[in-house]
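Next comes structure22.txt, with compact mmCIF, C-alpha atoms and all ligand atoms.
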```txt
# COMPACT_ATOMS: atom_id res chain seq x y z
CA MET A 1 11.05 -36.44 -11.16
CA GLY A 2 9.55 -33.74 -8.97
CA ARG A 3 8.88 -30.23 -10.03
CA LEU A 4 9.53 -28.68 -6.64
CA ALA A 5 13.11 -27.58 -5.98
CA GLU A 6 14.40 -26.52 -2.56
CA ILE A 7 15.89 -23.02 -2.87
CA ALA A 8 16.45 -22.54 0.89
CA PRO A 9 15.82 -24.79 3.90
CA GLY A 10 12.08 -25.50 3.89
CA VAL A 11 11.33 -23.30 0.88
CA LEU A 12 10.39 -25.09 -2.34
CA VAL A 13 9.71 -23.53 -5.72
CA ALA A 14 8.14 -25.04 -8.84
CA THR A 15 8.06 -23.39 -12.25
CA SER A 16 5.10 -23.76 -14.59
CA SER A 17 5.16 -24.33 -18.32
CA PHE A 18 2.99 -21.20 -18.59
CA ALA A 19 5.04 -17.98 -18.58
CA LEU A 20 7.61 -19.37 -16.11
CA THR A 21 5.05 -18.85 -13.34
CA THR A 22 6.36 -19.83 -9.92
CA THR A 23 4.61 -21.69 -7.11
CA THR A 24 6.19 -21.43 -3.65
CA VAL A 25 5.80 -23.86 -0.75
CA VAL A 26 6.98 -22.93 2.76
CA VAL A 27 7.34 -25.90 5.06
CA GLY A 28 6.19 -25.58 8.67
CA PRO A 29 6.16 -27.94 11.64
CA GLY A 30 4.70 -31.42 11.16
CA GLY A 31 4.61 -31.06 7.37
CA ARG A 32 2.05 -28.26 7.50
CA CYS A 33 2.81 -25.82 4.70
CA LEU A 34 2.02 -22.42 3.28
CA LEU A 35 1.27 -22.41 -0.43
CA ILE A 36 1.80 -19.22 -2.46
CA ASP A 37 0.28 -18.77 -5.94
CA PRO A 38 -0.20 -22.43 -6.93
CA GLY A 39 -0.26 -22.76 -10.70
CA VAL A 40 -0.87 -22.91 -13.49
CA THR A 41 -2.41 -25.69 -15.60
CA VAL A 42 -4.90 -28.25 -14.29
CA GLY A 43 -2.26 -30.96 -14.78
CA GLU A 44 0.38 -28.96 -12.91
CA LEU A 45 -1.93 -28.43 -9.93
CA ALA A 46 -2.63 -32.18 -9.86
CA GLY A 47 1.12 -32.84 -10.05
CA LEU A 48 1.76 -30.37 -7.25
CA ALA A 49 -0.86 -32.02 -5.02
CA GLY A 50 0.73 -35.40 -5.73
CA GLU A 51 4.19 -34.15 -4.97
CA LEU A 52 3.10 -32.51 -1.72
CA ALA A 53 1.47 -35.80 -0.67
CA GLU A 54 4.66 -37.71 -1.52
CA ARG A 55 6.62 -35.35 0.70
CA SER A 56 3.93 -35.63 3.44
CA LEU A 57 3.20 -31.92 3.17
CA VAL A 58 -0.29 -30.59 3.78
CA PRO A 59 -1.27 -27.03 2.79
CA VAL A 60 -2.85 -25.38 5.84
CA VAL A 61 -2.82 -21.83 4.52
CA ALA A 62 -2.41 -20.17 1.13
CA TRP A 63 -1.62 -16.71 -0.18
CA SER A 64 -2.46 -15.15 -3.53
CA THR A 65 -0.02 -12.37 -4.31
CA HIS A 66 -2.41 -10.43 -6.54
CA PRO A 67 -5.75 -10.47 -8.36
CA HIS A 68 -4.74 -11.86 -11.76
CA TRP A 69 -6.11 -15.17 -12.99
CA ASP A 70 -2.82 -17.05 -12.90
CA HIS A 71 -2.35 -16.27 -9.19
CA VAL A 72 -5.79 -17.21 -7.81
CA LEU A 73 -6.02 -20.85 -8.93
CA TRP A 74 -6.78 -23.89 -6.79
CA SER A 75 -7.59 -27.55 -7.02
CA ARG A 76 -9.70 -29.74 -4.72
CA ALA A 77 -6.68 -32.04 -4.41
CA LEU A 78 -4.85 -29.24 -2.56
CA GLY A 79 -7.39 -29.40 0.27
CA ASP A 80 -9.45 -26.67 1.85
CA ALA A 81 -6.92 -24.36 3.48
CA PRO A 82 -7.96 -20.70 3.80
CA ARG A 83 -6.69 -18.82 0.76
CA TYR A 84 -5.78 -15.31 1.81
CA ALA A 85 -5.09 -12.13 -0.15
CA ALA A 86 -4.90 -8.43 0.68
CA PRO A 87 -8.27 -6.63 1.02
CA ALA A 88 -7.98 -4.69 -2.27
CA ALA A 89 -7.03 -7.88 -4.11
CA VAL A 90 -10.07 -9.73 -2.80
CA ALA A 91 -12.36 -6.83 -3.72
CA ILE A 92 -11.07 -6.75 -7.32
CA THR A 93 -11.28 -10.51 -7.65
CA GLU A 94 -14.99 -10.20 -6.86
CA THR A 95 -15.73 -7.35 -9.28
CA GLU A 96 -13.47 -8.57 -12.12
CA ARG A 97 -14.26 -12.23 -11.74
CA ALA A 98 -15.77 -12.69 -15.24
CA GLY A 99 -12.68 -11.33 -16.99
CA MET A 100 -10.37 -13.36 -14.79
CA VAL A 101 -12.29 -16.56 -15.52
CA GLU A 102 -12.01 -15.75 -19.22
CA GLY A 103 -8.23 -15.37 -18.89
CA ALA A 104 -7.95 -18.73 -17.14
CA GLU A 105 -10.22 -20.48 -19.62
CA SER A 106 -8.29 -19.22 -22.63
CA SER A 107 -4.76 -19.92 -21.34
CA ALA A 108 -5.21 -22.80 -18.88
CA PRO A 109 -8.65 -24.31 -19.45
CA GLY A 110 -10.51 -26.78 -17.27
CA HIS A 111 -10.04 -25.39 -13.77
CA ASP A 112 -12.72 -25.97 -11.15
CA LEU A 113 -14.41 -22.56 -11.32
CA GLU A 114 -16.09 -23.09 -7.98
CA LEU A 115 -12.64 -22.80 -6.44
CA PHE A 116 -11.26 -20.15 -8.79
CA GLY A 117 -10.54 -16.87 -7.00
CA ARG A 118 -12.20 -17.91 -3.74
CA LEU A 119 -10.05 -15.68 -1.58
CA VAL A 120 -10.42 -14.51 1.99
CA THR A 121 -9.42 -11.00 3.04
CA LEU A 122 -6.38 -10.80 5.27
CA ASP A 123 -5.50 -7.36 6.58
CA ALA A 124 -2.37 -8.16 8.58
CA GLN A 125 1.40 -7.74 8.78
CA VAL A 126 2.08 -11.48 8.76
CA ILE A 127 0.30 -14.60 7.54
CA PRO A 128 -1.35 -16.30 10.54
CA TRP A 129 0.13 -19.78 10.91
CA ASP A 130 2.59 -21.70 13.07
CA GLY A 131 5.33 -22.03 10.42
CA PRO A 132 8.23 -19.70 9.56
CA VAL A 133 7.32 -16.02 9.92
CA ALA A 134 5.83 -14.80 6.64
CA LYS A 135 5.69 -11.01 6.49
CA LEU A 136 3.41 -9.24 4.02
CA ILE A 137 4.47 -6.24 1.95
CA VAL A 138 1.33 -4.84 0.35
CA HIS A 139 1.15 -2.14 -2.33
CA ASP A 140 -0.79 -1.33 -5.50
CA ALA A 141 1.87 -1.68 -8.20
CA HIS A 142 0.84 -3.91 -11.15
CA ALA A 143 -2.50 -4.68 -9.46
CA PRO A 144 -4.44 -3.45 -6.42
CA GLY A 145 -3.56 -5.19 -3.16
CA HIS A 146 -0.36 -6.76 -4.47
CA GLY A 147 1.20 -8.62 -1.56
CA ALA A 148 4.78 -9.85 -1.50
CA VAL A 149 5.80 -12.36 1.18
CA PHE A 150 9.11 -12.10 3.02
CA LEU A 151 10.49 -15.01 5.01
CA PRO A 152 13.07 -13.44 7.37
CA ASP A 153 14.41 -16.82 8.57
CA THR A 154 15.69 -17.71 5.11
CA GLY A 155 15.82 -14.28 3.46
CA VAL A 156 13.44 -15.36 0.70
CA LEU A 157 11.26 -12.64 -0.83
CA VAL A 158 8.34 -13.82 -2.98
CA THR A 159 7.50 -10.76 -5.03
CA GLY A 160 4.47 -11.74 -7.12
CA ASP A 161 4.58 -9.96 -10.48
CA MET A 162 7.45 -7.62 -9.62
CA CYS A 163 11.22 -8.00 -10.01
CA SER A 164 11.04 -10.36 -12.98
CA ASP A 165 14.04 -11.10 -15.15
CA VAL A 166 11.82 -12.03 -18.11
CA GLU A 167 9.08 -9.41 -18.01
CA ILE A 168 9.12 -5.63 -18.03
CA PRO A 169 7.27 -3.87 -15.20
CA LEU A 170 3.58 -4.21 -16.10
CA LEU A 171 1.65 -1.16 -15.00
CA ASP A 172 -1.95 -1.18 -13.86
CA THR A 173 -3.03 1.22 -16.60
CA VAL A 174 -6.58 1.56 -15.26
CA ALA A 175 -5.19 3.04 -12.04
CA LYS A 176 -5.17 6.81 -11.47
CA ASP A 177 -1.48 6.92 -10.76
CA ALA A 178 0.04 3.76 -12.19
CA PHE A 179 3.55 5.24 -12.07
CA GLY A 180 3.31 6.45 -8.49
CA ASP A 181 1.85 3.10 -7.44
CA TYR A 182 4.65 1.23 -9.17
CA ARG A 183 7.38 3.38 -7.65
CA THR A 184 5.83 2.95 -4.21
CA GLY A 185 5.76 -0.82 -4.71
CA LEU A 186 9.40 -0.93 -5.77
CA ALA A 187 10.37 1.28 -2.82
CA ARG A 188 8.56 -1.01 -0.36
CA LEU A 189 10.35 -4.05 -1.75
CA ALA A 190 13.70 -2.24 -1.78
CA ALA A 191 13.21 -1.37 1.90
CA VAL A 192 13.01 -5.02 2.95
CA SER A 193 16.31 -5.80 4.63
CA GLY A 194 17.93 -9.22 4.66
CA VAL A 195 16.78 -10.40 1.23
CA ARG A 196 18.99 -13.27 0.13
CA GLN A 197 16.82 -14.63 -2.68
CA VAL A 198 14.04 -13.20 -4.81
CA VAL A 199 11.27 -15.40 -6.24
CA PRO A 200 9.39 -13.52 -8.99
CA GLY A 201 5.89 -14.56 -10.06
CA HIS A 202 7.29 -15.15 -13.54
CA GLY A 203 10.95 -15.86 -14.23
CA HIS A 204 13.94 -17.17 -12.34
CA VAL A 205 14.97 -17.14 -8.70
CA GLY A 206 17.78 -14.63 -8.11
CA ASP A 207 20.26 -13.91 -5.32
CA ALA A 208 20.63 -10.65 -3.36
CA ALA A 209 22.73 -8.95 -6.04
CA GLU A 210 20.25 -10.00 -8.71
CA PHE A 211 17.37 -8.64 -6.59
CA ARG A 212 19.09 -5.23 -6.47
CA ARG A 213 19.83 -5.41 -10.19
CA ARG A 214 16.15 -6.08 -10.97
CA LEU A 215 14.96 -3.23 -8.73
CA ALA A 216 17.34 -0.91 -10.58
CA ALA A 217 16.26 -2.24 -14.00
CA ASP A 218 12.58 -1.70 -13.12
CA SER A 219 13.18 1.83 -11.82
CA GLY A 220 15.19 2.51 -14.97
CA TYR A 221 12.33 1.27 -17.12
CA LEU A 222 9.92 3.67 -15.38
CA ASP A 223 12.37 6.58 -15.70
CA THR A 224 12.82 6.03 -19.42
CA LEU A 225 9.10 5.47 -19.95
CA ALA A 226 8.34 8.77 -18.22
CA LEU A 227 10.18 10.53 -21.07
CA GLY A 228 7.39 9.26 -23.34
CA ARG A 229 9.61 8.03 -26.14
CA PRO A 230 9.67 4.45 -27.45
CA PHE A 231 12.69 2.43 -26.38
CA ASP A 232 13.80 -1.15 -26.05
CA ASP A 233 14.17 -3.05 -22.82
CA PRO A 234 16.10 -6.33 -23.19
CA ARG A 235 13.11 -8.09 -21.61
CA LEU A 236 10.79 -6.99 -24.45
CA THR A 237 10.86 -10.32 -26.24
CA GLU A 238 7.22 -11.20 -26.86
CA ASP A 239 4.37 -9.56 -28.73
CA TRP A 240 2.06 -9.31 -25.71
CA MET A 241 4.80 -7.48 -23.82
CA ARG A 242 5.39 -5.09 -26.71
CA ASP A 243 1.65 -4.36 -26.60
CA ALA A 244 1.83 -3.70 -22.88
CA HIS A 245 4.84 -1.45 -23.44
CA GLU A 246 2.87 0.51 -26.09
CA ALA A 247 -0.03 0.84 -23.65
CA HIS A 248 2.38 2.22 -21.05
CA LEU A 249 3.63 4.82 -23.53
CA GLU A 250 0.03 5.82 -24.29
CA TYR A 251 -0.65 6.10 -20.57
CA VAL A 252 2.33 8.47 -20.19
CA GLN A 253 1.22 10.60 -23.10
CA ARG A 254 -2.35 10.96 -21.78
ZN ZN B 301 -0.04 -10.25 -12.67
```
With the file now loaded, output its structure as structure tokens.
Amino acid sequence: MGRLAEIAPGVLVATSSFALTTTTVVVGPGGRCLLIDPGVTVGELAGLAGELAERSLVPVVAWSTHPHWDHVLWSRALGDAPRYAAPAAVAITETERAGMVEGAESSAPGHDLELFGRLVTLDAQVIPWDGPVAKLIVHDAHAPGHGAVFLPDTGVLVTGDMCSDVEIPLLDTVAKDAFGDYRTGLARLAAVSGVRQVVPGHGHVGDAAEFRRRLAADSGYLDTLALGRPFDDPRLTEDWMRDAHEAHLEYVQR
């Protein structure tokens, strides 16, 4: 039984056992494919490589949506495609490497660290390859150089760690203007026209109406947070998220 499910013609999504993390595969001509955020456990990456081989798909290019450990993973079995990310994401991955490795080792141990976070800067509007057009929407919400991928042919928007149905907006609380950055990120995503499906980095695939609902929920979260009073968001279900929420409140009050 495969893990990859086709959500639109030539667009496959797998969901990890870790935090409902999604991996997206975009199929191009001749079985060449674009791989976005492959994850998360060593076993899942091996399974993904096996499943791609079964489907005669070969990754020729990859994209990491943002510089967090669970989005910069790789396995030798996936081949040696260039793994691109936005310039700011690549820069952070270099300076924060030790902490990112620690995150991977504690939650998904055993990855080949020679391949971990080995990203190449791509400063472009689209991912260079001969498959379906893959437009980049780059902003600094949640993490510097956060790059969503929009596939206009199918209307699929891969948002990285934005627009989740299971996680609150997670602010980059070391940034100077975490709120402004987050609002800018949401605005850039909201401005993408023709979205038919949203694929969040963690959570479930949603349709166009669900995409709009999540944008509104995330803006609403920021609006309420800005008042600086504690409140409940229905997505606040786990301790680590409550901690993040508390950190956001502290950030507002600073
Ligand atoms: Zn993240």
How close does chain A get to ligand ZN 301 (chain B)? List, as JSON lines, each residue of chain A within 7 Å, its nearest atom pair and the distance in Å to one decimal, counting all atoms listed in the file.
```
{"residue": "A:His66", "atom": "CA", "partner": "B:ZN301", "partner_atom": "ZN", "distance": 6.6}
{"residue": "A:His68", "atom": "CA", "partner": "B:ZN301", "partner_atom": "ZN", "distance": 5.1}
{"residue": "A:His142", "atom": "CA", "partner": "B:ZN301", "partner_atom": "ZN", "distance": 6.6}
{"residue": "A:Ala143", "atom": "CA", "partner": "B:ZN301", "partner_atom": "ZN", "distance": 6.9}
{"residue": "A:Asp161", "atom": "CA", "partner": "B:ZN301", "partner_atom": "ZN", "distance": 5.1}
```
Write out, as CSV, each residue of range 186-209 of chain A that has an atom at most 9 Å from range 11-32 of chain A, together with the closest pair of atoms and their distance in Å to one decimal, counting only C-alpha atoms, rows going by chain and rising number.
```
residue,atom,partner,partner_atom,distance
A:Val199,CA,A:Thr22,CA,7.6
A:Pro200,CA,A:Thr22,CA,7.1
A:Gly201,CA,A:Thr22,CA,5.3
A:His202,CA,A:Thr21,CA,4.3
A:Gly203,CA,A:Leu20,CA,5.2
A:His204,CA,A:Leu20,CA,7.7
A:Val205,CA,A:Val13,CA,8.8
```
Return the padded bounding box of range 198-211 of chain A as JSON: axis-aligned, built from all atoms listed in the file, 5 Å added on each side, with centre and edge lengths in Å to one decimal.
```
{"center_x": 14.3, "center_y": -12.9, "center_z": -8.8, "size_x": 26.8, "size_y": 18.5, "size_z": 20.9}
```
> With only C-alpha atoms as the atoms that count, which of A:Leu227, A:Val252, A:Ile127, A:Leu113 lies nearest to Asp177 in chain A?
Replying inline: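 Closest residue, counting only C-alpha atoms: A:Val252.
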>> Taking only C-alpha atoms into account, name the residue in A:Ser219, A:Pro234, A:Pro169, A:Ile137 that is nearest to Val192 in chain A.
In response: A:Ile137
> Separation of CA of Ala175 in chain A and CA of Tyr251 in chain A, in Å?
Replying inline: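 Interatomic distance here is 10.1 Å.
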Contacts of Arg214 in chain A at 10 Å (only C-alpha atoms; same-chain gap of 3+ positions) as an mmCIF file with C-alpha atoms, in the coordinates of the input:
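Contents of around-v3.cif, freshly written:
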```cif
data_model
loop_
_atom_site.group_PDB
_atom_site.id
_atom_site.type_symbol
_atom_site.label_atom_id
_atom_site.label_comp_id
_atom_site.auth_asym_id
_atom_site.auth_seq_id
_atom_site.Cartn_x
_atom_site.Cartn_y
_atom_site.Cartn_z
ATOM 1 C CA MET A 162 7.450 -7.620 -9.620
ATOM 2 C CA CYS A 163 11.220 -8.000 -10.010
ATOM 3 C CA SER A 164 11.040 -10.360 -12.980
ATOM 4 C CA ASP A 165 14.040 -11.100 -15.150
ATOM 5 C CA ILE A 168 9.120 -5.630 -18.030
ATOM 6 C CA LEU A 186 9.400 -0.930 -5.770
ATOM 7 C CA VAL A 198 14.040 -13.200 -4.810
ATOM 8 C CA GLY A 206 17.780 -14.630 -8.110
ATOM 9 C CA ALA A 208 20.630 -10.650 -3.360
ATOM 10 C CA ALA A 209 22.730 -8.950 -6.040
ATOM 11 C CA GLU A 210 20.250 -10.000 -8.710
ATOM 12 C CA PHE A 211 17.370 -8.640 -6.590
ATOM 13 C CA ALA A 217 16.260 -2.240 -14.000
ATOM 14 C CA ASP A 218 12.580 -1.700 -13.120
ATOM 15 C CA SER A 219 13.180 1.830 -11.820
ATOM 16 C CA GLY A 220 15.190 2.510 -14.970
#
```
> Expressed in Å to a single decimal, how great is the separation between CA of Pro82 in chain A and CA of Pro59 in chain A?
Replying inline: 9.3 Å
Set the distance at 9 Å and use all atoms listed in the file: which residues neighbour Thr154 in chain A once local chain neighbours fewer than 2 positions away are removed? I'd like the list as a PDB file with C-alpha atoms, in the frame of the given file.
```
ATOM      1  CA  ALA A   8      16.450 -22.540   0.890  1.00  0.00           C
ATOM      2  CA  PRO A   9      15.820 -24.790   3.900  1.00  0.00           C
ATOM      3  CA  GLY A  10      12.080 -25.500   3.890  1.00  0.00           C
ATOM      4  CA  VAL A  11      11.330 -23.300   0.880  1.00  0.00           C
ATOM      5  CA  PRO A 132       8.230 -19.700   9.560  1.00  0.00           C
ATOM      6  CA  PHE A 150       9.110 -12.100   3.020  1.00  0.00           C
ATOM      7  CA  LEU A 151      10.490 -15.010   5.010  1.00  0.00           C
ATOM      8  CA  PRO A 152      13.070 -13.440   7.370  1.00  0.00           C
ATOM      9  CA  VAL A 156      13.440 -15.360   0.700  1.00  0.00           C
ATOM     10  CA  LEU A 157      11.260 -12.640  -0.830  1.00  0.00           C
ATOM     11  CA  GLY A 194      17.930  -9.220   4.660  1.00  0.00           C
ATOM     12  CA  VAL A 195      16.780 -10.400   1.230  1.00  0.00           C
ATOM     13  CA  ARG A 196      18.990 -13.270   0.130  1.00  0.00           C
ATOM     14  CA  GLN A 197      16.820 -14.630  -2.680  1.00  0.00           C
TER      15      GLN A 197
END
```
> Pick from A:Thr93, A:Gly145, A:Gly228, A:Val42: nearest to Gln253 in chain A, with all atoms listed in the file counted?
Replying inline: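 Looking at the shortest contact to Gln253 in chain A, the residue is A:Gly228.
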> When you draw a straight line from CA of Val61 in chain A to CA of Ala81 in chain A, how long is it in Å?
Replying inline: 4.9 Å
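Of the residues listed (A:Gly131, A:Gly155, A:Gly39, A:Pro67), A:Gly155 shows the shortest atom-to-atom separation from Ile7 in chain A; distances use all atoms listed in the file.
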> Residues at most 12 Å from range 105-111 of chain A, counting all atoms listed in the file, excluding those fewer than 2 positions away in the same chain, as a PyMOL selection string?
Replying inline: chain A and resi 16-19+39-46+69-70+72-77+98-103+113-117
> A:His71, A:Asp153, A:Arg235, A:Cys33: which is nearest Val58 in chain A, counting all atoms listed in the file?
Replying inline: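 Result for the nearest residue to Val58 in chain A: A:Cys33.
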>> Using all atoms listed in the file, can you tell me which of A:His139, A:Arg55, A:Arg3, A:His248 comes closest to Gly185 in chain A?
In response: A:His139
